[in-house]
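Data block for protein-v5.cif (mmCIF, C-alpha atoms):
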data_coords
#
loop_
_atom_site.group_PDB
_atom_site.id
_atom_site.type_symbol
_atom_site.label_atom_id
_atom_site.label_comp_id
_atom_site.auth_asym_id
_atom_site.auth_seq_id
_atom_site.Cartn_x
_atom_site.Cartn_y
_atom_site.Cartn_z
ATOM 1 C CA MET A 102 0.000 0.000 0.000
ATOM 2 C CA ARG A 103 2.848 2.386 0.863
ATOM 3 C CA ASN A 104 4.516 1.823 -2.519
ATOM 4 C CA LEU A 105 1.191 2.248 -4.276
ATOM 5 C CA VAL A 106 0.614 5.628 -2.644
ATOM 6 C CA LEU A 107 4.164 6.711 -3.424
ATOM 7 C CA PHE A 108 3.679 5.761 -7.029
ATOM 8 C CA ARG A 109 0.470 7.785 -7.213
ATOM 9 C CA LEU A 110 2.377 10.804 -5.961
ATOM 10 C CA LEU A 111 5.135 10.166 -8.494
ATOM 11 C CA MET A 112 2.715 9.853 -11.383
ATOM 12 C CA ILE A 113 1.078 13.155 -10.442
ATOM 13 C CA GLY A 114 4.523 14.758 -10.598
ATOM 14 C CA LEU A 115 5.281 13.116 -13.934
ATOM 15 C CA VAL A 116 2.026 14.333 -15.461
ATOM 16 C CA GLY A 117 2.573 17.780 -13.975
ATOM 17 C CA CYS A 118 6.058 18.138 -15.419
ATOM 18 C CA TRP A 119 4.970 16.844 -18.813
ATOM 19 C CA ALA A 120 2.135 19.380 -18.875
ATOM 20 C CA PHE A 121 4.511 22.127 -17.755
ATOM 21 C CA ALA A 122 6.975 21.314 -20.544
ATOM 22 C CA GLN A 123 4.197 21.080 -23.137
ATOM 23 C CA ASN A 124 2.837 24.494 -22.088
ATOM 24 C CA ALA A 125 6.069 26.439 -21.763
ATOM 25 C CA PRO A 126 5.482 30.082 -20.786
ATOM 26 C CA THR A 127 5.455 32.664 -23.576
ATOM 27 C CA PRO A 128 5.296 36.467 -23.460
ATOM 28 C CA SER A 129 1.522 36.225 -23.983
ATOM 29 C CA GLN A 130 1.155 33.550 -21.291
ATOM 30 C CA PRO A 131 3.168 34.711 -18.254
ATOM 31 C CA LEU A 132 3.799 32.178 -15.519
ATOM 32 C CA TYR A 133 3.371 34.779 -12.801
ATOM 33 C CA GLN A 134 0.283 36.940 -12.890
ATOM 34 C CA VAL A 135 0.380 40.634 -12.067
ATOM 35 C CA THR A 136 -2.347 40.651 -9.445
ATOM 36 C CA ILE A 137 -1.213 40.114 -5.858
ATOM 37 C CA VAL A 138 -3.649 38.499 -3.431
ATOM 38 C CA SER A 139 -3.748 39.621 0.206
ATOM 39 C CA ARG A 140 -4.754 37.407 3.098
ATOM 40 C CA THR A 141 -5.042 37.963 6.849
ATOM 41 C CA THR A 142 -4.301 35.405 9.567
ATOM 42 C CA LYS A 143 -3.464 35.386 13.267
ATOM 43 C CA ALA A 144 0.132 35.996 14.331
ATOM 44 C CA LEU A 145 1.086 34.915 17.853
ATOM 45 C CA ASN A 146 3.655 36.592 20.094
ATOM 46 C CA TYR A 147 5.871 33.929 21.687
ATOM 47 C CA GLY A 148 8.415 36.341 23.136
ATOM 48 C CA TYR A 149 6.834 36.246 26.597
ATOM 49 C CA LEU A 150 7.069 32.485 27.016
ATOM 50 C CA SER A 151 9.554 30.855 29.387
ATOM 51 C CA ALA A 152 8.758 27.291 28.281
ATOM 52 C CA PRO A 153 7.713 25.541 25.061
ATOM 53 C CA THR A 154 4.059 25.683 24.042
ATOM 54 C CA ARG A 155 1.963 23.856 21.473
ATOM 55 C CA ILE A 156 -0.273 25.195 18.749
ATOM 56 C CA GLY A 157 -2.380 23.528 16.116
ATOM 57 C CA PHE A 158 -2.829 23.724 12.359
ATOM 58 C CA GLN A 159 -6.132 23.425 10.571
ATOM 59 C CA GLY A 160 -6.858 22.992 6.900
ATOM 60 C CA THR A 161 -8.268 25.783 4.763
ATOM 61 C CA PRO A 162 -11.247 25.236 2.417
ATOM 62 C CA VAL A 163 -8.938 23.679 -0.214
ATOM 63 C CA ALA A 164 -7.637 21.046 2.247
ATOM 64 C CA THR A 165 -10.328 20.644 4.898
ATOM 65 C CA SER A 166 -9.042 17.321 6.267
ATOM 66 C CA ALA A 167 -5.463 18.531 6.806
ATOM 67 C CA ARG A 168 -4.320 18.764 10.411
ATOM 68 C CA GLY A 169 -1.109 19.476 12.272
ATOM 69 C CA GLU A 170 0.557 20.626 15.447
ATOM 70 C CA ALA A 171 3.752 22.405 16.414
ATOM 71 C CA THR A 172 5.884 22.754 19.515
ATOM 72 C CA VAL A 173 7.172 26.337 19.714
ATOM 73 C CA GLU A 174 10.152 27.119 21.957
ATOM 74 C CA PRO A 175 11.583 30.644 22.223
ATOM 75 C CA LYS A 176 15.354 30.712 22.625
ATOM 76 C CA ARG A 177 17.930 33.461 22.657
ATOM 77 C CA GLY A 178 17.998 34.943 19.160
ATOM 78 C CA SER A 179 15.513 32.523 17.585
ATOM 79 C CA THR A 180 12.291 30.586 17.947
ATOM 80 C CA VAL A 181 12.585 26.818 17.446
ATOM 81 C CA LEU A 182 9.707 24.864 15.921
ATOM 82 C CA LYS A 183 9.004 21.153 15.643
ATOM 83 C CA MET A 184 5.984 20.493 13.421
ATOM 84 C CA ARG A 185 3.935 17.476 12.381
ATOM 85 C CA PHE A 186 1.243 17.311 9.716
ATOM 86 C CA GLU A 187 -1.186 14.722 8.379
ATOM 87 C CA HIS A 188 -3.989 14.208 5.862
ATOM 88 C CA LEU A 189 -2.524 16.644 3.344
ATOM 89 C CA PRO A 190 -3.573 16.099 -0.292
ATOM 90 C CA GLU A 191 -0.916 15.549 -2.944
ATOM 91 C CA PRO A 192 0.366 18.985 -4.111
ATOM 92 C CA GLY A 193 -0.317 18.004 -7.729
ATOM 93 C CA ARG A 194 -4.036 18.087 -6.986
ATOM 94 C CA PHE A 195 -3.844 21.884 -7.224
ATOM 95 C CA GLY A 196 -2.340 21.871 -10.711
ATOM 96 C CA PRO A 197 0.707 20.549 -12.560
ATOM 97 C CA ASN A 198 2.957 23.371 -11.322
ATOM 98 C CA TYR A 199 2.629 22.404 -7.652
ATOM 99 C CA MET A 200 5.056 19.725 -6.514
ATOM 100 C CA THR A 201 5.707 20.290 -2.830
ATOM 101 C CA TYR A 202 4.664 22.108 0.326
ATOM 102 C CA VAL A 203 6.493 24.896 2.137
ATOM 103 C CA VAL A 204 5.935 26.081 5.713
ATOM 104 C CA TRP A 205 6.127 29.848 6.292
ATOM 105 C CA ALA A 206 6.472 32.166 9.265
ATOM 106 C CA ILE A 207 4.661 35.450 8.527
ATOM 107 C CA SER A 208 5.492 38.574 10.546
ATOM 108 C CA PRO A 209 2.706 41.022 11.530
ATOM 109 C CA GLU A 210 4.081 43.346 8.836
ATOM 110 C CA GLY A 211 3.603 40.644 6.207
ATOM 111 C CA ARG A 212 7.227 39.542 5.747
ATOM 112 C CA ALA A 213 7.385 35.871 4.789
ATOM 113 C CA HIS A 214 10.161 33.580 6.047
ATOM 114 C CA ASN A 215 10.526 30.204 4.287
ATOM 115 C CA LEU A 216 10.926 27.657 7.122
ATOM 116 C CA GLY A 217 11.554 24.722 4.818
ATOM 117 C CA GLU A 218 10.024 22.082 2.619
ATOM 118 C CA LEU A 219 7.410 19.692 3.966
ATOM 119 C CA ILE A 220 7.889 16.296 2.319
ATOM 120 C CA LEU A 221 5.031 13.826 2.694
ATOM 121 C CA ASP A 222 5.488 10.114 3.227
ATOM 122 C CA GLY A 223 3.294 7.381 1.795
ATOM 123 C CA SER A 224 0.645 8.040 4.464
ATOM 124 C CA ARG A 225 0.361 11.734 3.553
ATOM 125 C CA LYS A 226 2.140 12.721 6.754
ATOM 126 C CA GLY A 227 5.173 14.953 7.181
ATOM 127 C CA LYS A 228 7.477 16.430 9.800
ATOM 128 C CA LEU A 229 9.631 19.539 9.809
ATOM 129 C CA SER A 230 12.006 21.062 12.358
ATOM 130 C CA SER A 231 13.061 24.651 11.782
ATOM 131 C CA SER A 232 13.703 28.004 13.418
ATOM 132 C CA THR A 233 13.019 31.666 12.759
ATOM 133 C CA PRO A 234 14.498 34.904 14.135
ATOM 134 C CA LEU A 235 10.942 36.207 14.541
ATOM 135 C CA GLN A 236 9.169 36.095 17.900
ATOM 136 C CA THR A 237 5.758 37.268 16.677
ATOM 137 C CA PHE A 238 4.534 35.414 13.615
ATOM 138 C CA ALA A 239 1.817 33.362 11.973
ATOM 139 C CA LEU A 240 2.439 29.914 10.510
ATOM 140 C CA ILE A 241 0.972 28.813 7.192
ATOM 141 C CA VAL A 242 1.560 25.978 4.721
ATOM 142 C CA THR A 243 1.360 26.534 0.960
ATOM 143 C CA ALA A 244 1.616 24.381 -2.148
ATOM 144 C CA GLU A 245 4.605 25.457 -4.243
ATOM 145 C CA PRO A 246 6.365 24.600 -7.526
ATOM 146 C CA TYR A 247 9.675 24.051 -5.685
ATOM 147 C CA PHE A 248 11.119 24.289 -2.202
ATOM 148 C CA SER A 249 13.239 27.453 -2.409
ATOM 149 C CA VAL A 250 10.519 29.962 -3.307
ATOM 150 C CA THR A 251 10.806 33.325 -1.558
ATOM 151 C CA GLN A 252 7.133 34.347 -1.493
ATOM 152 C CA PRO A 253 4.088 32.193 -0.670
ATOM 153 C CA SER A 254 1.754 31.098 -3.426
ATOM 154 C CA GLU A 255 -1.990 31.654 -3.214
ATOM 155 C CA ILE A 256 -2.560 27.961 -2.443
ATOM 156 C CA VAL A 257 -2.693 28.198 1.359
ATOM 157 C CA VAL A 258 -3.619 24.739 2.657
ATOM 158 C CA MET A 259 -3.121 25.194 6.427
ATOM 159 C CA GLU A 260 -2.966 27.972 9.044
ATOM 160 C CA ASN A 261 -2.025 28.034 12.721
ATOM 161 C CA VAL A 262 -4.720 27.974 15.430
ATOM 162 C CA LEU A 263 -4.757 28.124 19.208
ATOM 163 C CA THR A 264 -5.577 24.872 21.024
ATOM 164 C CA ARG A 265 -6.259 23.807 24.593
ATOM 165 C CA ASP A 266 -2.566 22.849 24.816
ATOM 166 C CA THR A 267 -1.423 26.394 24.043
ATOM 167 C CA ILE A 268 0.005 27.768 27.277
ATOM 168 C CA GLY A 269 1.690 30.956 28.407
ATOM 169 C CA LYS A 270 1.119 34.560 27.450
ATOM 170 C CA VAL A 271 0.390 34.463 23.739
ATOM 171 C CA GLN A 272 -0.851 37.632 22.078
ATOM 172 C CA GLU A 273 -2.879 37.519 18.874
ATOM 173 C CA VAL A 274 -1.986 39.995 16.140
ATOM 174 C CA ASN A 275 -3.472 40.223 12.653
ATOM 175 C CA ALA A 276 -0.861 39.566 9.986
ATOM 176 C CA THR A 277 -1.689 40.647 6.442
ATOM 177 C CA TYR A 278 0.594 39.131 3.841
ATOM 178 C CA GLU A 279 0.802 38.963 0.065
ATOM 179 C CA LEU A 280 0.343 35.790 -1.946
ATOM 180 C CA LEU A 281 1.736 35.310 -5.425
ATOM 181 C CA PRO A 282 -0.802 33.835 -7.857
ATOM 182 C CA ARG A 283 0.642 31.482 -10.423
ATOM 183 C CA LYS A 284 -0.960 29.881 -13.447
ATOM 184 C CA PRO A 285 -4.648 29.042 -13.079
ATOM 185 C CA TYR A 286 -5.326 25.673 -11.528
ATOM 186 C CA THR A 287 -8.270 23.350 -11.103
ATOM 187 C CA TYR A 288 -8.837 21.536 -7.836
ATOM 188 C CA ASP A 289 -10.020 18.122 -9.003
ATOM 189 C CA THR A 290 -11.770 16.410 -6.089
ATOM 190 C CA SER A 291 -12.379 13.278 -8.156
ATOM 191 C CA ALA A 292 -8.796 12.796 -9.332
ATOM 192 C CA ASN A 293 -7.856 9.151 -8.943
ATOM 193 C CA PRO A 294 -5.265 8.127 -11.526
ATOM 194 C CA SER A 295 -5.163 4.445 -12.398
ATOM 195 C CA VAL A 296 -1.995 2.657 -11.374
ATOM 196 C CA ALA A 297 -3.016 -0.921 -12.102
ATOM 197 C CA ALA A 298 -0.180 -1.659 -14.539
ATOM 198 C CA ALA A 299 2.418 0.718 -13.106
ATOM 199 C CA PRO A 300 5.661 -0.336 -11.397
ATOM 200 C CA HIS A 301 6.216 0.446 -7.727
ATOM 201 C CA VAL A 302 8.851 2.923 -6.590
ATOM 202 C CA SER A 303 10.732 3.289 -3.333
ATOM 203 C CA GLN A 304 10.775 6.385 -1.130
ATOM 204 C CA ASP A 305 14.355 7.145 -2.268
ATOM 205 C CA GLN A 306 13.383 6.930 -5.938
ATOM 206 C CA TYR A 307 10.353 9.111 -5.370
ATOM 207 C CA GLU A 308 12.325 11.801 -3.525
ATOM 208 C CA SER A 309 15.110 11.895 -6.145
ATOM 209 C CA MET A 310 12.668 12.188 -9.050
ATOM 210 C CA LEU A 311 10.604 14.786 -7.205
ATOM 211 C CA ALA A 312 13.778 16.830 -6.586
ATOM 212 C CA LEU A 313 14.588 16.703 -10.310
ATOM 213 C CA TYR A 314 11.100 17.868 -11.244
ATOM 214 C CA GLN A 315 11.288 20.744 -8.773
ATOM 215 C CA ALA A 316 14.597 21.792 -10.335
ATOM 216 C CA LEU A 317 13.010 21.695 -13.786
ATOM 217 C CA ASN A 318 10.112 23.788 -12.507
ATOM 218 C CA ALA A 319 12.496 26.351 -11.001
ATOM 219 C CA ILE A 320 14.534 26.599 -14.204
ATOM 220 C CA GLN A 321 11.475 27.075 -16.398
ATOM 221 C CA ILE A 322 10.004 29.660 -14.034
ATOM 222 C CA ALA A 323 13.306 31.567 -14.063
ATOM 223 C CA GLN A 324 13.333 31.457 -17.861
ATOM 224 C CA ALA A 325 9.794 32.823 -17.912
ATOM 225 C CA GLN A 326 11.018 35.735 -15.779
ATOM 226 C CA GLY A 327 13.780 36.556 -18.299
ATOM 227 C CA ALA A 328 16.745 34.797 -16.674
ATOM 228 C CA ASP A 329 18.310 33.952 -20.048
ATOM 229 C CA ARG A 330 18.575 37.675 -20.715
ATOM 230 C CA TYR A 331 19.126 39.188 -17.277
ATOM 231 C CA ALA A 332 20.900 36.377 -15.389
ATOM 232 C CA SER A 333 22.418 34.248 -18.124
ATOM 233 C CA THR A 334 25.417 33.048 -16.102
ATOM 234 C CA GLN A 335 23.305 31.902 -13.176
ATOM 235 C CA ILE A 336 20.614 30.160 -15.226
ATOM 236 C CA ALA A 337 23.249 28.409 -17.330
ATOM 237 C CA ARG A 338 24.840 27.082 -14.149
ATOM 238 C CA ALA A 339 21.447 25.907 -12.884
ATOM 239 C CA ARG A 340 20.860 23.990 -16.106
ATOM 240 C CA ASP A 341 24.352 22.477 -15.919
ATOM 241 C CA VAL A 342 23.880 21.236 -12.348
ATOM 242 C CA TYR A 343 20.423 19.917 -13.214
ATOM 243 C CA ASN A 344 21.755 17.976 -16.221
ATOM 244 C CA LYS A 345 24.536 16.483 -14.107
ATOM 245 C CA ALA A 346 21.980 15.366 -11.537
ATOM 246 C CA ARG A 347 19.868 13.744 -14.257
ATOM 247 C CA ALA A 348 22.901 11.868 -15.565
ATOM 248 C CA LEU A 349 23.634 10.177 -12.232
ATOM 249 C CA PRO A 350 22.596 6.516 -11.880
ATOM 250 C CA ALA A 351 19.313 5.956 -10.076
ATOM 251 C CA ASN A 352 20.956 4.166 -7.144
ATOM 252 C CA LEU A 353 22.733 7.423 -6.152
ATOM 253 C CA SER A 354 19.481 8.945 -4.898
ATOM 254 C CA LYS A 355 21.073 11.086 -2.169
ATOM 255 C CA GLU A 356 23.517 12.621 -4.640
ATOM 256 C CA ILE A 357 20.694 13.248 -7.120
ATOM 257 C CA VAL A 358 18.587 14.987 -4.480
ATOM 258 C CA SER A 359 21.523 17.124 -3.336
ATOM 259 C CA MET A 360 22.475 18.281 -6.831
ATOM 260 C CA ALA A 361 18.860 18.820 -7.882
ATOM 261 C CA ARG A 362 18.198 20.997 -4.841
ATOM 262 C CA GLU A 363 21.351 22.979 -5.636
ATOM 263 C CA ALA A 364 20.064 23.528 -9.184
ATOM 264 C CA THR A 365 16.694 24.628 -7.783
ATOM 265 C CA GLN A 366 18.303 27.191 -5.489
ATOM 266 C CA ILE A 367 20.517 28.576 -8.261
ATOM 267 C CA ALA A 368 17.480 28.851 -10.548
ATOM 268 C CA GLU A 369 15.522 30.722 -7.876
ATOM 269 C CA ASP A 370 18.456 33.094 -7.405
ATOM 270 C CA SER A 371 18.596 33.704 -11.152
ATOM 271 C CA ARG A 372 14.846 34.377 -11.194
ATOM 272 C CA ALA A 373 15.207 36.944 -8.408
ATOM 273 C CA ILE A 374 18.162 38.616 -10.160
ATOM 274 C CA ALA A 375 16.298 38.696 -13.475
ATOM 275 C CA SER A 376 13.212 40.176 -11.834
ATOM 276 C CA LYS A 377 15.198 42.987 -10.217
ATOM 277 C CA ARG A 378 17.176 43.781 -13.360
ATOM 278 C CA SER A 379 14.124 43.780 -15.611
ATOM 279 C CA ASP A 380 12.305 46.084 -13.182
ATOM 280 C CA ALA A 381 15.307 48.419 -13.100
ATOM 281 C CA GLU A 382 15.450 48.455 -16.901
ATOM 282 C CA ALA A 383 11.730 49.229 -17.123
ATOM 283 C CA ARG A 384 12.123 52.156 -14.731
ATOM 284 C CA ALA A 385 15.139 53.473 -16.622
ATOM 285 C CA THR A 386 13.350 53.411 -19.971
ATOM 286 C CA ALA A 387 10.009 54.705 -18.712
ATOM 287 C CA PRO A 388 9.059 58.124 -20.125
ATOM 288 C CA VAL A 389 9.625 61.005 -17.732
ATOM 289 C CA ASN A 390 6.720 63.362 -17.114
ATOM 290 C CA THR A 391 8.209 66.835 -17.536
ATOM 291 C CA ALA A 392 4.937 68.730 -17.504
ATOM 292 C CA ALA A 393 4.855 71.499 -14.907
ATOM 293 C CA PRO A 394 2.352 70.936 -12.111
ATOM 294 C CA LYS A 395 -0.819 72.962 -12.331
ATOM 295 C CA PRO A 396 -1.085 75.796 -9.803
#
Here is the file; what I need is its structure written in the form of structure tokens.
Amino acid sequence: MRNLVLFRLLMIGLVGCWAFAQNAPTPSQPLYQVTIVSRTTKALNYGYLSAPTRIGFQGTPVATSARGEATVEPKRGSTVLKMRFEHLPEPGRFGPNYMTYVVWAISPEGRAHNLGELILDGSRKGKLSSSTPLQTFALIVTAEPYFSVTQPSEIVVMENVLTRDTIGKVQEVNATYELLPRKPYTYDTSANPSVAAAPHVSQDQYESMLALYQALNAIQIAQAQGADRYASTQIARARDVYNKARALPANLSKEIVSMAREATQIAEDSRAIASKRSDAEARATAPVNTAAPKP
């Protein structure tokens, strides 16, 4: 049963990447939309605590069965979190671009801190240990195209909530943050791909192939943002590392995952560089309004 579930997850990723490659972004079909979506959630102040406390996670309307909990421990200079989640749907259910989950700490001012990737096992459960320099923050989980994104997508699947186990002086603060819409998606509640004649895969194989697909996603997203023009050295390096990871034999799964994640991070850096440089170029070439102000 475990292998069957893992294969279902893998097949969703395979279909997603094939669809992504077949529908490569063009100037008339941008990967990132212009509109930014705002959302408000509760941020909790843990700075007053002298001992660890526990909070819960509940699913949003797109993942109503998802649940989780976290142990939050303030320490000098950081807040340490140990989180557990269950009953999360496969990320590919939200569209072919979504391949993983990321947990975020959101400050009351809306600054998002990527706490790390949440990888599900065959039972749709996952664990993550992380830390943040923030002491007042909200916690959310989003579906993402790859692990090293720097801004949450609009697919928020879980948010933090107070529980009966939450102890200490915890202050609630509204945190309004921005979400980055990506290509339109369809949430298919009846999706149930057939796997009758498909081979089984191990957890190692699944994680290595998923890492490669995330790297491919990151590279294509960077290209859609103009990385070939504005960050050519960085995107070329990302492609080189990705190709080397693909060329490794399947039994070197740890090496494949490591190199693929490196390619993903380089691609995200090239996307960020390209975005800044293209914005700077647009400002520099924008017409200047020299008309005198009316009295």
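Between CA of Arg265 (chain A) and CA of Thr154 (chain A) the interatomic distance comes to 10.5 Å.
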I would like the residues chosen by the PyMOL selection byres ((chain A and resi 311) around 9) on the shown file; could you give them as a PDB file with C-alpha atoms, in the frame of the given file?
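To be explicit, this is the file written out as out02.pdb:
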ATOM      1  CA  LEU A 111       5.135  10.166  -8.494  1.00  0.00           C
ATOM      2  CA  GLY A 114       4.523  14.758 -10.598  1.00  0.00           C
ATOM      3  CA  LEU A 115       5.281  13.116 -13.934  1.00  0.00           C
ATOM      4  CA  MET A 200       5.056  19.725  -6.514  1.00  0.00           C
ATOM      5  CA  THR A 201       5.707  20.290  -2.830  1.00  0.00           C
ATOM      6  CA  GLN A 306      13.383   6.930  -5.938  1.00  0.00           C
ATOM      7  CA  TYR A 307      10.353   9.111  -5.370  1.00  0.00           C
ATOM      8  CA  GLU A 308      12.325  11.801  -3.525  1.00  0.00           C
ATOM      9  CA  SER A 309      15.110  11.895  -6.145  1.00  0.00           C
ATOM     10  CA  MET A 310      12.668  12.188  -9.050  1.00  0.00           C
ATOM     11  CA  ALA A 312      13.778  16.830  -6.586  1.00  0.00           C
ATOM     12  CA  LEU A 313      14.588  16.703 -10.310  1.00  0.00           C
ATOM     13  CA  TYR A 314      11.100  17.868 -11.244  1.00  0.00           C
ATOM     14  CA  GLN A 315      11.288  20.744  -8.773  1.00  0.00           C
ATOM     15  CA  ALA A 316      14.597  21.792 -10.335  1.00  0.00           C
ATOM     16  CA  VAL A 358      18.587  14.987  -4.480  1.00  0.00           C
TER      17      VAL A 358
END
Proximity check region 304-378 of chain A to region 240-257 of chain A, 12 Å, nearest pairs one decimal Å, all atoms listed in the file, as a tab-separated table:
residue	atom	partner	partner_atom	distance
A:Leu311	CA	A:Tyr247	CA	9.4
A:Ala312	CA	A:Tyr247	CA	8.4
A:Leu313	CA	A:Tyr247	CA	10.0
A:Tyr314	CA	A:Tyr247	CA	8.4
A:Gln315	CA	A:Tyr247	CA	4.8
A:Ala316	CA	A:Tyr247	CA	7.1
A:Leu317	CA	A:Tyr247	CA	9.1
A:Asn318	CA	A:Pro246	CA	6.3
A:Ala319	CA	A:Tyr247	CA	6.4
A:Ile320	CA	A:Tyr247	CA	10.1
A:Gln321	CA	A:Pro246	CA	10.5
A:Ile322	CA	A:Pro246	CA	9.0
A:Ala323	CA	A:Val250	CA	11.2
A:Ala361	CA	A:Tyr247	CA	10.8
A:Arg362	CA	A:Phe248	CA	8.2
A:Glu363	CA	A:Ser249	CA	9.8
A:Ala364	CA	A:Ser249	CA	10.4
A:Thr365	CA	A:Ser249	CA	7.0
A:Gln366	CA	A:Ser249	CA	5.9
A:Ile367	CA	A:Ser249	CA	9.4
A:Ala368	CA	A:Ser249	CA	9.3
A:Glu369	CA	A:Ser249	CA	6.8
A:Asp370	CA	A:Ser249	CA	9.2
A:Ser371	CA	A:Val250	CA	11.9
A:Arg372	CA	A:Val250	CA	10.0
A:Ala373	CA	A:Thr251	CA	8.9
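Nearest residue to Val163 (chain A) among A:Arg185, A:Lys226, A:Arg384, A:Arg194 is A:Arg194, counting only C-alpha atoms.
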Expansion of the PyMOL selection byres ((chain A and resi 166-170) around 9) into residues, as a list in words
Arg155, Ile156, Gly157, Phe158, Gln159, Gly160, Thr161, Ala164, Thr165, Ala171, Thr172, Lys183, Met184, Arg185, Phe186, Glu187, His188, Leu189, Pro190, Val258, Met259 and Asn261 of chain A
Report as a PyMOL selection string all protein, DNA and RNA residues lying within 7 Å of Ala239 (chain A), evaluated on all atoms listed in the file, omitting residues in the same chain fewer than 3 positions from it.
chain A and resi 142-145+206-208+261
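Coordinates place CA of Gly227 (chain A) at a distance of 23.3 Å from CA of Leu353 (chain A).
Distance annotation: of A:Thr264, A:Ser379, A:Asn344, A:Gln304, the residue with the minimal separation from Gly223 (chain A) is A:Gln304; atom set is all atoms listed in the file.
Atom to atom, CA of Thr277 (chain A) and CA of Arg212 (chain A) stand 9.0 Å apart.
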Can you tell me, as JSON, numbers by chain, what residues are no more than 9 Å from Asn352 (chain A) when counting only C-alpha atoms, ignoring any on the same chain fewer than 2 positions away?
{"A": [305, 306, 349, 350, 354, 355]}
I need the output of the PyMOL selection byres ((chain A and resi 146-150) around 12) for this file as a ChimeraX atom specification; which residues are they?
/A:143-145,151-156,172-182,207-209,233-240,263,267-276
